[in-house]
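**Q** So that you have it, the file is coords04.cif, and it contains mmCIF, C-alpha atoms:
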data_protein
#
loop_
_atom_site.group_PDB
_atom_site.id
_atom_site.type_symbol
_atom_site.label_atom_id
_atom_site.label_comp_id
_atom_site.auth_asym_id
_atom_site.auth_seq_id
_atom_site.Cartn_x
_atom_site.Cartn_y
_atom_site.Cartn_z
ATOM 1 C CA MET A 1 -4.965 -11.049 7.965
ATOM 2 C CA VAL A 2 -2.191 -8.465 8.133
ATOM 3 C CA ARG A 3 -2.428 -5.946 5.290
ATOM 4 C CA LEU A 4 0.999 -5.146 3.940
ATOM 5 C CA LEU A 5 2.736 -4.910 0.567
ATOM 6 C CA ILE A 6 6.305 -6.180 0.823
ATOM 7 C CA LEU A 7 9.175 -6.212 -1.666
ATOM 8 C CA ASP A 8 11.612 -8.814 -0.369
ATOM 9 C CA ASN A 9 15.115 -8.478 -1.887
ATOM 10 C CA VAL A 10 13.641 -8.009 -5.364
ATOM 11 C CA SER A 11 15.881 -7.679 -8.421
ATOM 12 C CA LEU A 12 15.106 -7.232 -12.108
ATOM 13 C CA ASN A 13 17.675 -8.403 -14.642
ATOM 14 C CA ARG A 14 17.072 -7.846 -18.352
ATOM 15 C CA ASN A 15 19.555 -8.717 -21.094
ATOM 16 C CA GLU A 16 22.144 -9.544 -18.428
ATOM 17 C CA LYS A 17 21.867 -6.063 -16.939
ATOM 18 C CA TYR A 18 20.382 -5.212 -13.553
ATOM 19 C CA ILE A 19 17.587 -2.660 -13.830
ATOM 20 C CA LEU A 20 16.676 -3.081 -10.143
ATOM 21 C CA LYS A 21 18.820 -4.731 -7.524
ATOM 22 C CA GLY A 22 18.063 -5.956 -3.995
ATOM 23 C CA ILE A 23 14.961 -3.824 -3.421
ATOM 24 C CA ASN A 24 13.544 -4.115 0.098
ATOM 25 C CA ALA A 25 10.488 -2.038 0.956
ATOM 26 C CA ALA A 26 7.246 -2.325 2.920
ATOM 27 C CA PHE A 27 4.035 -0.357 2.458
ATOM 28 C CA GLU A 28 1.472 -0.229 5.263
ATOM 29 C CA PRO A 29 -2.259 0.418 4.814
ATOM 30 C CA GLY A 30 -3.576 3.957 4.962
ATOM 31 C CA LYS A 31 -0.209 5.642 4.401
ATOM 32 C CA VAL A 32 1.312 7.716 1.610
ATOM 33 C CA TYR A 33 4.778 6.779 0.356
ATOM 34 C CA SER A 34 7.012 8.400 -2.221
ATOM 35 C CA ILE A 35 9.731 6.792 -4.291
ATOM 36 C CA LEU A 36 11.991 9.645 -5.293
ATOM 37 C CA GLY A 37 14.765 9.544 -7.863
ATOM 38 C CA THR A 38 16.229 11.175 -10.942
ATOM 39 C CA ASN A 39 15.289 10.173 -14.485
ATOM 40 C CA GLY A 40 16.751 6.761 -15.275
ATOM 41 C CA ALA A 41 16.953 5.651 -11.635
ATOM 42 C CA GLY A 42 14.518 2.772 -12.249
ATOM 43 C CA LYS A 43 11.349 4.291 -10.750
ATOM 44 C CA SER A 44 8.904 3.307 -13.504
ATOM 45 C CA SER A 45 10.505 -0.138 -13.772
ATOM 46 C CA LEU A 46 9.786 -0.598 -10.064
ATOM 47 C CA ALA A 47 6.162 0.463 -10.567
ATOM 48 C CA TYR A 48 5.737 -2.005 -13.451
ATOM 49 C CA LEU A 49 7.382 -4.766 -11.441
ATOM 50 C CA ILE A 50 5.010 -4.274 -8.493
ATOM 51 C CA MET A 51 2.025 -4.310 -10.862
ATOM 52 C CA GLY A 52 3.334 -7.281 -12.871
ATOM 53 C CA ILE A 53 3.260 -5.551 -16.237
ATOM 54 C CA ASN A 54 4.282 -7.790 -19.153
ATOM 55 C CA ASP A 55 7.822 -9.094 -18.632
ATOM 56 C CA TYR A 56 8.572 -6.997 -15.552
ATOM 57 C CA ARG A 57 8.933 -10.000 -13.260
ATOM 58 C CA PRO A 58 11.571 -10.356 -10.524
ATOM 59 C CA SER A 59 14.754 -12.175 -11.459
ATOM 60 C CA SER A 60 15.074 -12.918 -7.753
ATOM 61 C CA GLY A 61 13.246 -12.082 -4.544
ATOM 62 C CA LYS A 62 9.493 -11.992 -4.039
ATOM 63 C CA ILE A 63 6.501 -9.684 -3.753
ATOM 64 C CA VAL A 64 4.056 -10.366 -0.917
ATOM 65 C CA LEU A 65 0.606 -8.766 -0.807
ATOM 66 C CA ASP A 66 -1.397 -9.095 2.405
ATOM 67 C CA GLY A 67 0.419 -12.294 3.315
ATOM 68 C CA GLU A 68 0.191 -13.878 -0.163
ATOM 69 C CA ASP A 69 3.169 -14.374 -2.472
ATOM 70 C CA ILE A 70 2.042 -12.710 -5.727
ATOM 71 C CA THR A 71 5.407 -12.835 -7.510
ATOM 72 C CA SER A 72 4.114 -15.149 -10.246
ATOM 73 C CA LEU A 73 0.598 -13.690 -10.546
ATOM 74 C CA SER A 74 -0.573 -11.866 -13.666
ATOM 75 C CA VAL A 75 -1.436 -8.178 -13.710
ATOM 76 C CA THR A 76 -5.136 -9.160 -13.810
ATOM 77 C CA GLU A 77 -4.852 -11.278 -10.667
ATOM 78 C CA ARG A 78 -2.972 -8.514 -8.895
ATOM 79 C CA ALA A 79 -5.667 -6.031 -9.866
ATOM 80 C CA LYS A 80 -8.325 -8.352 -8.425
ATOM 81 C CA ARG A 81 -6.430 -8.233 -5.130
ATOM 82 C CA GLY A 82 -6.553 -4.437 -5.005
ATOM 83 C CA LEU A 83 -3.405 -3.263 -6.807
ATOM 84 C CA THR A 84 -3.724 -0.579 -9.449
ATOM 85 C CA LEU A 85 -1.336 1.592 -11.459
ATOM 86 C CA LEU A 86 -1.639 5.102 -12.826
ATOM 87 C CA TRP A 87 0.550 5.157 -15.945
ATOM 88 C CA GLN A 88 2.955 8.028 -16.479
ATOM 89 C CA GLU A 89 1.573 8.240 -20.036
ATOM 90 C CA PRO A 90 -2.155 7.371 -20.044
ATOM 91 C CA VAL A 91 -3.172 4.457 -22.262
ATOM 92 C CA ARG A 92 -5.273 5.436 -25.285
ATOM 93 C CA PHE A 93 -8.591 3.667 -25.912
ATOM 94 C CA GLN A 94 -10.562 3.952 -29.126
ATOM 95 C CA GLY A 95 -14.293 4.578 -29.321
ATOM 96 C CA LEU A 96 -15.080 5.210 -25.639
ATOM 97 C CA THR A 97 -16.607 8.251 -24.010
ATOM 98 C CA VAL A 98 -15.126 9.452 -20.730
ATOM 99 C CA GLU A 99 -18.119 8.017 -18.861
ATOM 100 C CA GLN A 100 -17.723 4.633 -20.559
ATOM 101 C CA TYR A 101 -14.013 4.644 -19.771
ATOM 102 C CA LEU A 102 -14.666 5.376 -16.092
ATOM 103 C CA THR A 103 -17.153 2.495 -15.829
ATOM 104 C CA LEU A 104 -15.025 0.048 -17.835
ATOM 105 C CA GLY A 105 -17.543 0.139 -20.656
ATOM 106 C CA GLY A 106 -20.435 -0.328 -18.217
ATOM 107 C CA LYS A 107 -18.903 -3.340 -16.457
ATOM 108 C CA ILE A 108 -18.864 -1.576 -13.112
ATOM 109 C CA LYS A 109 -21.970 0.114 -11.767
ATOM 110 C CA VAL A 110 -21.256 3.588 -10.481
ATOM 111 C CA PRO A 111 -23.970 6.092 -9.493
ATOM 112 C CA ALA A 112 -24.076 9.098 -11.791
ATOM 113 C CA ASP A 113 -23.510 11.524 -8.926
ATOM 114 C CA GLN A 114 -20.363 9.634 -7.915
ATOM 115 C CA ILE A 115 -18.979 9.907 -11.447
ATOM 116 C CA ASP A 116 -19.759 13.633 -11.382
ATOM 117 C CA SER A 117 -18.116 14.256 -8.006
ATOM 118 C CA THR A 118 -15.037 12.258 -9.003
ATOM 119 C CA LEU A 119 -14.594 14.241 -12.215
ATOM 120 C CA GLU A 120 -14.965 17.459 -10.238
ATOM 121 C CA LEU A 121 -12.304 16.272 -7.785
ATOM 122 C CA VAL A 122 -9.779 15.943 -10.631
ATOM 123 C CA GLY A 123 -10.742 19.319 -12.045
ATOM 124 C CA LEU A 124 -13.070 18.317 -14.906
ATOM 125 C CA LEU A 125 -16.637 19.583 -15.283
ATOM 126 C CA PRO A 126 -18.925 16.530 -15.715
ATOM 127 C CA GLU A 127 -21.303 18.303 -18.102
ATOM 128 C CA LEU A 128 -18.401 19.079 -20.426
ATOM 129 C CA TYR A 129 -16.480 15.819 -20.228
ATOM 130 C CA LYS A 130 -18.697 12.767 -19.630
ATOM 131 C CA SER A 131 -19.797 12.496 -23.253
ATOM 132 C CA ARG A 132 -16.451 13.429 -24.809
ATOM 133 C CA MET A 133 -14.384 10.735 -26.498
ATOM 134 C CA VAL A 134 -11.267 9.637 -24.639
ATOM 135 C CA ASP A 135 -9.409 9.290 -27.947
ATOM 136 C CA GLY A 136 -10.759 12.587 -29.260
ATOM 137 C CA LEU A 137 -9.407 16.053 -28.632
ATOM 138 C CA LEU A 138 -8.477 15.589 -24.992
ATOM 139 C CA SER A 139 -5.078 16.996 -24.122
ATOM 140 C CA GLY A 140 -2.456 14.917 -22.359
ATOM 141 C CA GLY A 141 -3.293 16.684 -19.102
ATOM 142 C CA GLU A 142 -7.015 16.027 -19.526
ATOM 143 C CA ARG A 143 -6.404 12.328 -20.227
ATOM 144 C CA LYS A 144 -4.236 12.166 -17.103
ATOM 145 C CA ARG A 145 -7.069 13.663 -15.054
ATOM 146 C CA VAL A 146 -9.537 11.152 -16.510
ATOM 147 C CA GLU A 147 -7.238 8.289 -15.570
ATOM 148 C CA LEU A 148 -6.872 9.697 -12.051
ATOM 149 C CA ALA A 149 -10.677 9.701 -11.817
ATOM 150 C CA SER A 150 -10.782 6.065 -12.941
ATOM 151 C CA ILE A 151 -8.319 5.132 -10.163
ATOM 152 C CA LEU A 152 -10.530 6.825 -7.569
ATOM 153 C CA LEU A 153 -13.643 4.964 -8.714
ATOM 154 C CA LEU A 154 -11.845 1.620 -8.332
ATOM 155 C CA LYS A 155 -11.153 2.361 -4.633
ATOM 156 C CA PRO A 156 -7.863 0.422 -4.692
ATOM 157 C CA LYS A 157 -6.143 -1.096 -1.665
ATOM 158 C CA TYR A 158 -2.773 -0.076 -3.106
ATOM 159 C CA ALA A 159 -2.478 2.677 -5.714
ATOM 160 C CA ILE A 160 0.820 3.220 -7.524
ATOM 161 C CA LEU A 161 0.884 6.674 -9.106
ATOM 162 C CA ASP A 162 3.702 6.931 -11.650
ATOM 163 C CA GLU A 163 4.593 10.625 -12.071
ATOM 164 C CA PRO A 164 0.984 11.769 -11.382
ATOM 165 C CA ASP A 165 1.840 15.375 -12.241
ATOM 166 C CA SER A 166 3.187 14.512 -15.705
ATOM 167 C CA GLY A 167 1.332 16.591 -18.277
ATOM 168 C CA ILE A 168 -0.511 18.547 -15.582
ATOM 169 C CA ASP A 169 0.429 22.150 -14.817
ATOM 170 C CA ILE A 170 2.142 22.949 -11.545
ATOM 171 C CA MET A 171 -0.933 24.798 -10.283
ATOM 172 C CA SER A 172 -2.686 21.421 -10.028
ATOM 173 C CA LEU A 173 -0.430 20.009 -7.314
ATOM 174 C CA SER A 174 -3.159 20.673 -4.749
ATOM 175 C CA MET A 175 -5.539 18.544 -6.843
ATOM 176 C CA ILE A 176 -3.056 15.657 -6.800
ATOM 177 C CA GLU A 177 -2.814 15.944 -3.029
ATOM 178 C CA GLU A 178 -6.621 15.835 -2.786
ATOM 179 C CA VAL A 179 -6.655 12.701 -4.961
ATOM 180 C CA VAL A 180 -4.053 11.047 -2.740
ATOM 181 C CA GLN A 181 -5.958 11.899 0.428
ATOM 182 C CA TYR A 182 -9.212 10.621 -1.113
ATOM 183 C CA ILE A 183 -7.605 7.215 -1.701
ATOM 184 C CA VAL A 184 -6.277 7.127 1.862
ATOM 185 C CA LYS A 185 -9.651 8.115 3.333
ATOM 186 C CA ASN A 186 -11.164 5.146 1.504
ATOM 187 C CA GLY A 187 -8.679 2.790 3.154
ATOM 188 C CA GLY A 188 -6.044 2.699 0.441
ATOM 189 C CA THR A 189 -2.261 2.960 0.445
ATOM 190 C CA VAL A 190 -0.617 5.317 -2.050
ATOM 191 C CA ILE A 191 2.844 4.866 -3.567
ATOM 192 C CA VAL A 192 3.856 7.971 -5.512
ATOM 193 C CA ILE A 193 6.652 7.593 -8.070
ATOM 194 C CA THR A 194 8.236 10.987 -8.682
ATOM 195 C CA HIS A 195 11.342 13.033 -9.436
ATOM 196 C CA ARG A 196 9.800 16.197 -8.003
ATOM 197 C CA GLU A 197 10.339 17.363 -4.450
ATOM 198 C CA GLU A 198 6.915 19.068 -4.326
ATOM 199 C CA ILE A 199 5.173 15.752 -4.944
ATOM 200 C CA ALA A 200 7.340 13.835 -2.459
ATOM 201 C CA LYS A 201 6.378 16.334 0.260
ATOM 202 C CA ILE A 202 2.832 14.966 0.408
ATOM 203 C CA SER A 203 4.083 11.548 1.558
ATOM 204 C CA GLN A 204 4.622 10.298 5.102
ATOM 205 C CA GLU A 205 7.559 8.041 4.278
ATOM 206 C CA ALA A 206 10.031 8.162 1.412
ATOM 207 C CA TYR A 207 12.486 5.937 -0.434
ATOM 208 C CA LEU A 208 15.350 7.334 -2.501
ATOM 209 C CA LEU A 209 16.025 5.191 -5.568
ATOM 210 C CA CYS A 210 19.416 5.482 -7.243
ATOM 211 C CA SER A 211 20.831 3.364 -10.051
ATOM 212 C CA GLY A 212 18.206 0.697 -9.478
ATOM 213 C CA SER A 213 18.781 0.357 -5.722
ATOM 214 C CA ILE A 214 17.206 1.829 -2.611
ATOM 215 C CA PHE A 215 19.849 4.261 -1.423
ATOM 216 C CA ALA A 216 17.985 5.754 1.532
ATOM 217 C CA HIS A 217 14.709 5.450 3.415
ATOM 218 C CA GLY A 218 13.205 7.777 5.973
ATOM 219 C CA LEU A 219 11.273 10.973 6.563
ATOM 220 C CA PRO A 220 10.365 12.764 3.320
ATOM 221 C CA SER A 221 11.943 16.026 4.519
ATOM 222 C CA LYS A 222 15.293 14.303 5.070
ATOM 223 C CA ILE A 223 15.142 12.336 1.812
ATOM 224 C CA ILE A 224 14.175 15.452 -0.157
ATOM 225 C CA GLU A 225 17.020 17.452 1.376
ATOM 226 C CA TYR A 226 19.547 14.775 0.431
ATOM 227 C CA TYR A 227 18.046 14.430 -3.056
ATOM 228 C CA LYS A 228 18.109 18.184 -3.621
ATOM 229 C CA ASN A 229 21.729 18.606 -2.516
ATOM 230 C CA LYS A 230 23.322 15.361 -3.704
ATOM 231 C CA CYS A 231 21.324 13.892 -6.582
ATOM 232 C CA ASP A 232 20.834 16.811 -8.967
ATOM 233 C CA GLY A 233 23.078 16.152 -11.941
ATOM 234 C CA CYS A 234 24.342 12.847 -10.549
ATOM 235 C CA SER A 235 25.077 10.320 -13.303
ATOM 236 C CA HIS A 236 25.329 7.349 -10.882
ATOM 237 C CA ALA A 237 28.622 6.562 -12.620
ATOM 238 C CA ASN A 238 30.641 6.407 -9.416
ATOM 239 C CA ILE A 239 28.133 4.309 -7.492
ATOM 240 C CA PRO A 240 28.684 0.663 -8.528
ATOM 241 C CA SER A 241 26.674 -0.809 -5.661
ATOM 242 C CA LEU A 242 24.500 0.914 -3.095
ATOM 243 C CA GLY A 243 23.573 -0.148 0.388
ATOM 244 C CA GLU A 244 20.673 1.532 2.125
ATOM 245 C CA VAL A 245 21.594 4.574 4.196
ATOM 246 C CA LYS A 246 19.376 5.708 7.036
ATOM 247 C CA ILE A 247 18.702 9.422 6.791
#
Kindly present the structure from the file in structure tokens form.
**A**
Amino acid sequence: MVRLLILDNVSLNRNEKYILKGINAAFEPGKVYSILGTNGAGKSSLAYLIMGINDYRPSSGKIVLDGEDITSLSVTERAKRGLTLLWQEPVRFQGLTVEQYLTLGGKIKVPADQIDSTLELVGLLPELYKSRMVDGLLSGGERKRVELASILLLKPKYAILDEPDSGIDIMSLSMIEEVVQYIVKNGGTVIVITHREEIAKISQEAYLLCSGSIFAHGLPSKIIEYYKNKCDGCSHANIPSLGEVKI
């Protein structure tokens, strides 16, 4: 079986308006990708569409995971096949400690030392955090770190990280890179959704998303340079339809 996540001419139309249009992309195993774009470019919508969240289903085109058409599958079925999503804003759960959250309420068996090492990797001391309530006094940044730890424990085949630095101070960029490399070392593919050049630099291949379309695809250094010089302050108003440009 060939491992590959493919978006084949995927579009998303809601209320007679295209949110995403004609998206073509392929993600190989063991690589780090970035999807770079300004706010409002459609980045989170693309993440939700890949994961199959709620009504984020393609209006046309298909999504193929490891040779299987998963376009009509639920988010649960996609998760069973190794897809997972780190939300830009972590979901809140009531009545769970951090340790219970990381083990899905005890549904997955994880050695205590593995929980400890994973928390340490995301910058949280196990002795201070395992017994704390997720819905308690954790800051937004702490909740984001806990969710990053939960992603690592799942050992996903494909991890979509939607703005992984959101709510985390800039000094923690090295931690995010360590998290990404940990997923790759365990055989996973990472797709980082971001509007920040510093985050895109950790990828090996980059897509530039503009006004719901893939505008360019290539080396991160080239995509970042174009993004930095051309996209800052762009309203997309003069770009009615984009075709992919090789950079």
**Q** Kindly indicate which residue among A:Lys185, A:Lys157, A:Lys144, A:Lys80 lies nearest to A:Ser172, using all atoms listed in the file for the distances.
**A**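 Between A:Lys185, A:Lys157, A:Lys144, A:Lys80, the residue approaching A:Ser172 most closely is A:Lys144.
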**Q** Could you tell me how far atom CA of A:Asp135 lies from atom CA of A:Ser44, in Å and to one decimal?
**A** 24.1 Å
**Q** Name the residues captured by the PyMOL selection byres ((chain A and resi 47) around 8) when it is applied to the shown file; answer as a PyMOL selection string.
**A** chain A and resi 43-46+48-51+85+160+162+193
**Q** Go through A:Leu7, A:Ile63, A:Leu104, A:Leu86 one by one, measure the shortest atom-to-atom distance of each to A:Ser166 using all atoms listed in the file, and give the residue with the smallest value.
**A**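 Closest residue, counting all atoms listed in the file: A:Leu86.
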**Q** Have a look at A:Tyr56, A:Tyr18, A:Tyr158, A:Tyr226 and name the one nearest to A:Val75; count only C-alpha atoms.
**A**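 Of the candidates, the smallest distance to A:Val75 is held by A:Tyr56.
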**Q** Counting all atoms listed in the file, what is within 8 Å of A:Tyr207, bar same-chain residues fewer than 5 positions away, as an NGL selection string?
**A** :A and (33-36 or 214-218 or 223)
**Q** Could you tell me how far atom CA of A:Gly37 lies from atom CA of A:Glu163, in Å and to one decimal?
**A**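 Answer for the atom CA of A:Gly37 to atom CA of A:Glu163 separation: 11.1 Å.
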**Q** From the list A:Val134, A:Thr189, A:Val122, A:Leu65, which residue is nearest A:Gly95 when using only C-alpha atoms?
**A**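 The closest residue to A:Gly95 is A:Val134.
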**Q** Can you translate the PyMOL selection byres ((chain A and resi 40) around 12) into the concrete residues it hits in this file, as a list in words?
**A** Ile19, Leu20, Leu36, Gly37, Thr38, Asn39, Ala41, Gly42, Lys43, Ser44, Ser45, Leu46, Thr194, His195, Leu209, Cys210, Ser211, Gly212, Ser213, Gly233, Cys234, Ser235 and His236 of chain A
**Q** Mind dumping the selected residues with C-alpha atoms as a PDB file, keeping the file's coordinate frame?
**A**
ATOM      1  CA  ILE A  19      17.587  -2.660 -13.830  1.00  0.00           C
ATOM      2  CA  LEU A  20      16.676  -3.081 -10.143  1.00  0.00           C
ATOM      3  CA  LEU A  36      11.991   9.645  -5.293  1.00  0.00           C
ATOM      4  CA  GLY A  37      14.765   9.544  -7.863  1.00  0.00           C
ATOM      5  CA  THR A  38      16.229  11.175 -10.942  1.00  0.00           C
ATOM      6  CA  ASN A  39      15.289  10.173 -14.485  1.00  0.00           C
ATOM      7  CA  ALA A  41      16.953   5.651 -11.635  1.00  0.00           C
ATOM      8  CA  GLY A  42      14.518   2.772 -12.249  1.00  0.00           C
ATOM      9  CA  LYS A  43      11.349   4.291 -10.750  1.00  0.00           C
ATOM     10  CA  SER A  44       8.904   3.307 -13.504  1.00  0.00           C
ATOM     11  CA  SER A  45      10.505  -0.138 -13.772  1.00  0.00           C
ATOM     12  CA  LEU A  46       9.786  -0.598 -10.064  1.00  0.00           C
ATOM     13  CA  THR A 194       8.236  10.987  -8.682  1.00  0.00           C
ATOM     14  CA  HIS A 195      11.342  13.033  -9.436  1.00  0.00           C
ATOM     15  CA  LEU A 209      16.025   5.191  -5.568  1.00  0.00           C
ATOM     16  CA  CYS A 210      19.416   5.482  -7.243  1.00  0.00           C
ATOM     17  CA  SER A 211      20.831   3.364 -10.051  1.00  0.00           C
ATOM     18  CA  GLY A 212      18.206   0.697  -9.478  1.00  0.00           C
ATOM     19  CA  SER A 213      18.781   0.357  -5.722  1.00  0.00           C
ATOM     20  CA  GLY A 233      23.078  16.152 -11.941  1.00  0.00           C
ATOM     21  CA  CYS A 234      24.342  12.847 -10.549  1.00  0.00           C
ATOM     22  CA  SER A 235      25.077  10.320 -13.303  1.00  0.00           C
ATOM     23  CA  HIS A 236      25.329   7.349 -10.882  1.00  0.00           C
TER      24      HIS A 236
END
**Q** Write out N, CA and C atoms for stretch 192-207 of chain A, as a PDB file, keeping the file's coordinate frame.
**A**
ATOM      1  N   VAL A 192       3.661   6.959  -4.476  1.00  0.00           N
ATOM      2  CA  VAL A 192       3.856   7.971  -5.512  1.00  0.00           C
ATOM      3  C   VAL A 192       5.273   7.873  -6.068  1.00  0.00           C
ATOM      4  N   ILE A 193       5.370   7.629  -7.372  1.00  0.00           N
ATOM      5  CA  ILE A 193       6.652   7.593  -8.070  1.00  0.00           C
ATOM      6  C   ILE A 193       6.910   8.984  -8.630  1.00  0.00           C
ATOM      7  N   THR A 194       8.035   9.610  -8.253  1.00  0.00           N
ATOM      8  CA  THR A 194       8.236  10.987  -8.682  1.00  0.00           C
ATOM      9  C   THR A 194       9.714  11.377  -8.711  1.00  0.00           C
ATOM     10  N   HIS A 195      10.016  12.426  -9.480  1.00  0.00           N
ATOM     11  CA  HIS A 195      11.342  13.033  -9.436  1.00  0.00           C
ATOM     12  C   HIS A 195      11.241  14.456  -8.909  1.00  0.00           C
ATOM     13  N   ARG A 196      10.025  14.829  -8.449  1.00  0.00           N
ATOM     14  CA  ARG A 196       9.800  16.197  -8.003  1.00  0.00           C
ATOM     15  C   ARG A 196       9.641  16.270  -6.490  1.00  0.00           C
ATOM     16  N   GLU A 197      10.376  17.193  -5.901  1.00  0.00           N
ATOM     17  CA  GLU A 197      10.339  17.363  -4.450  1.00  0.00           C
ATOM     18  C   GLU A 197       8.942  17.752  -3.964  1.00  0.00           C
ATOM     19  N   GLU A 198       8.238  18.600  -4.745  1.00  0.00           N
ATOM     20  CA  GLU A 198       6.915  19.068  -4.326  1.00  0.00           C
ATOM     21  C   GLU A 198       5.941  17.906  -4.156  1.00  0.00           C
ATOM     22  N   ILE A 199       6.051  16.914  -5.028  1.00  0.00           N
ATOM     23  CA  ILE A 199       5.173  15.752  -4.944  1.00  0.00           C
ATOM     24  C   ILE A 199       5.566  14.867  -3.761  1.00  0.00           C
ATOM     25  N   ALA A 200       6.873  14.682  -3.562  1.00  0.00           N
ATOM     26  CA  ALA A 200       7.340  13.835  -2.459  1.00  0.00           C
ATOM     27  C   ALA A 200       6.931  14.394  -1.100  1.00  0.00           C
ATOM     28  N   LYS A 201       6.731  15.702  -1.013  1.00  0.00           N
ATOM     29  CA  LYS A 201       6.378  16.334   0.260  1.00  0.00           C
ATOM     30  C   LYS A 201       5.020  15.885   0.796  1.00  0.00           C
ATOM     31  N   ILE A 202       4.156  15.365  -0.068  1.00  0.00           N
ATOM     32  CA  ILE A 202       2.832  14.966   0.408  1.00  0.00           C
ATOM     33  C   ILE A 202       2.846  13.573   1.039  1.00  0.00           C
ATOM     34  N   SER A 203       3.998  12.901   0.998  1.00  0.00           N
ATOM     35  CA  SER A 203       4.083  11.548   1.558  1.00  0.00           C
ATOM     36  C   SER A 203       4.437  11.593   3.041  1.00  0.00           C
ATOM     37  N   GLN A 204       4.267  10.443   3.693  1.00  0.00           N
ATOM     38  CA  GLN A 204       4.622  10.298   5.102  1.00  0.00           C
ATOM     39  C   GLN A 204       5.943   9.543   5.280  1.00  0.00           C
ATOM     40  N   GLU A 205       6.339   8.834   4.241  1.00  0.00           N
ATOM     41  CA  GLU A 205       7.559   8.041   4.278  1.00  0.00           C
ATOM     42  C   GLU A 205       8.118   8.008   2.866  1.00  0.00           C
ATOM     43  N   ALA A 206       9.440   8.056   2.746  1.00  0.00           N
ATOM     44  CA  ALA A 206      10.031   8.162   1.412  1.00  0.00           C
ATOM     45  C   ALA A 206      11.201   7.211   1.230  1.00  0.00           C
ATOM     46  N   TYR A 207      11.340   6.737  -0.014  1.00  0.00           N
ATOM     47  CA  TYR A 207      12.486   5.937  -0.434  1.00  0.00           C
ATOM     48  C   TYR A 207      13.213   6.710  -1.522  1.00  0.00           C
TER      49      TYR A 207
END
